[in-house]
Amino acid sequence: MITYNPKLGDTIKTAAQGMVSLANDIKQTVTARFEGRSLRAEPGDDPDAIIASYWRRPSRTGPAGRSVLKSVRRR
């Protein structure tokens with residue numbers, strides 16, 4: 001497994017495309033951290049699927065993530 005390091009200024013789209021391109025080139029799983037979220041690309045993956053999974057998961061570092069963490073701590 002290889003780690004892809006997004007560059008400063010990369011969007012989720014360019015990061016996902018870079019991850020899939022690298023995964024296809026080396027024929028291995030590629031992982032990355034993007035804005036605090038873990039991403040994973042396998043050879044042959046569609047970058048749009050990685051982008052969709054990024055937007056589907058709530059961020060633990062954004063305002064909504066903090067609200068969720070606060071409510072869990074209160075229990």
# chains A, B, ... in the order shown; residues from 1 in each chain; ligands from 1
>>> residues_around(residues="A:Ala23", least_positions_apart="6", cutoff="7 Å", atoms="only C-alpha atoms", output="ChimeraX atom specification")
/A:29-30,41-43
>>> atom_distance(atom1="atom CA of A:Gln17", atom2="atom CA of A:Pro47")
5.4 Å
>>> residues_around(residues="stretch 24-27 of chain A", least_positions_apart="4", cutoff="10 Å", atoms="only C-alpha atoms", output="list of chain:residue names")
A:Met1, A:Ile2, A:Gly18, A:Met19, A:Val20, A:Ala41, A:Glu42, A:Pro43, A:Gly44, A:Asp45
>>> closest_residue(among="A:Ala16, A:Tyr54, A:Glu35, A:Asp48", to="A:Tyr4", atoms="only C-alpha atoms")
A:Ala16
>>> atom_distance(atom1="atom CA of A:Leu22", atom2="atom CA of A:Arg57")
23.4 Å
>>> residues_around(residues="A:Phe34", least_positions_apart="4", cutoff="9 Å", atoms="only C-alpha atoms", output="short mmCIF file (atom, residue, chain, number, x, y, z; two decimals) with N, CA and C atoms, in the first residue's frame")
data_model
loop_
_atom_site.label_atom_id
_atom_site.label_comp_id
_atom_site.auth_asym_id
_atom_site.auth_seq_id
_atom_site.Cartn_x
_atom_site.Cartn_y
_atom_site.Cartn_z
N ASN A 5 0.20 11.90 -1.24
CA ASN A 5 0.19 13.15 -0.48
C ASN A 5 -0.34 14.27 -1.37
N PRO A 6 -1.62 14.67 -1.16
CA PRO A 6 -2.15 15.78 -1.96
C PRO A 6 -1.31 17.03 -1.76
N THR A 11 -7.79 20.10 -5.06
CA THR A 11 -9.19 19.89 -4.74
C THR A 11 -9.40 18.41 -4.52
N ILE A 12 -10.56 18.05 -4.02
CA ILE A 12 -10.86 16.61 -3.86
C ILE A 12 -10.83 15.93 -5.22
N ALA A 15 -7.14 15.39 -6.21
CA ALA A 15 -6.57 14.37 -5.32
C ALA A 15 -7.07 12.97 -5.70
N SER A 38 -9.78 10.08 5.61
CA SER A 38 -9.03 9.01 4.96
C SER A 38 -9.71 8.62 3.66
N LEU A 39 -8.91 8.50 2.62
CA LEU A 39 -9.41 8.06 1.32
C LEU A 39 -8.62 6.84 0.87
N TYR A 54 -16.17 10.90 -0.22
CA TYR A 54 -15.65 12.03 0.57
C TYR A 54 -16.80 12.93 1.03
#
>>> select_by_dssp(residues="stretch 1-71 of chain A", states="helix (DSSP H, G or I)", output="JSON, numbers by chain")
{"A": [12, 13, 14, 15, 16, 17, 18, 19, 20, 21, 22, 23, 24, 25, 26, 47, 48, 49, 50, 51, 52, 53, 54, 55, 56, 63, 64, 65, 66, 67, 68, 69, 70, 71]}
>>> write_last_selection(atoms="C-alpha atoms", output="PDB file, in the first residue's frame")
ATOM      1  CA  ILE A  12     -10.861  16.614  -3.859  1.00  0.00           C
ATOM      2  CA  LYS A  13     -11.231  16.057  -7.609  1.00  0.00           C
ATOM      3  CA  THR A  14      -7.516  16.439  -8.382  1.00  0.00           C
ATOM      4  CA  ALA A  15      -6.571  14.370  -5.320  1.00  0.00           C
ATOM      5  CA  ALA A  16      -8.941  11.530  -6.298  1.00  0.00           C
ATOM      6  CA  GLN A  17      -7.711  11.569  -9.887  1.00  0.00           C
ATOM      7  CA  GLY A  18      -4.080  11.497  -8.711  1.00  0.00           C
ATOM      8  CA  MET A  19      -4.778   8.616  -6.342  1.00  0.00           C
ATOM      9  CA  VAL A  20      -6.489   6.497  -8.999  1.00  0.00           C
ATOM     10  CA  SER A  21      -3.797   7.274 -11.556  1.00  0.00           C
ATOM     11  CA  LEU A  22      -1.100   6.183  -9.100  1.00  0.00           C
ATOM     12  CA  ALA A  23      -3.064   3.051  -8.119  1.00  0.00           C
ATOM     13  CA  ASN A  24      -3.418   2.108 -11.787  1.00  0.00           C
ATOM     14  CA  ASP A  25       0.283   2.724 -12.475  1.00  0.00           C
ATOM     15  CA  ILE A  26       1.606   0.676  -9.563  1.00  0.00           C
ATOM     16  CA  PRO A  47     -12.335   8.956  -9.130  1.00  0.00           C
ATOM     17  CA  ASP A  48     -15.983  10.094  -8.970  1.00  0.00           C
ATOM     18  CA  ALA A  49     -16.730   7.270  -6.503  1.00  0.00           C
ATOM     19  CA  ILE A  50     -13.934   8.479  -4.217  1.00  0.00           C
ATOM     20  CA  ILE A  51     -15.254  12.035  -4.472  1.00  0.00           C
ATOM     21  CA  ALA A  52     -18.787  10.850  -3.643  1.00  0.00           C
ATOM     22  CA  SER A  53     -17.546   8.929  -0.595  1.00  0.00           C
ATOM     23  CA  TYR A  54     -15.647  12.028   0.566  1.00  0.00           C
ATOM     24  CA  TRP A  55     -18.817  14.147   0.492  1.00  0.00           C
ATOM     25  CA  ARG A  56     -20.996  11.385   1.951  1.00  0.00           C
ATOM     26  CA  PRO A  63     -18.686  22.301  12.576  1.00  0.00           C
ATOM     27  CA  ALA A  64     -21.084  19.369  12.116  1.00  0.00           C
ATOM     28  CA  GLY A  65     -18.398  16.954  13.315  1.00  0.00           C
ATOM     29  CA  ARG A  66     -17.829  18.991  16.460  1.00  0.00           C
ATOM     30  CA  SER A  67     -21.562  18.945  17.208  1.00  0.00           C
ATOM     31  CA  VAL A  68     -21.643  15.174  16.879  1.00  0.00           C
ATOM     32  CA  LEU A  69     -18.593  14.772  19.111  1.00  0.00           C
ATOM     33  CA  LYS A  70     -20.060  17.079  21.764  1.00  0.00           C
ATOM     34  CA  SER A  71     -23.321  15.121  21.861  1.00  0.00           C
TER      35      SER A  71
END
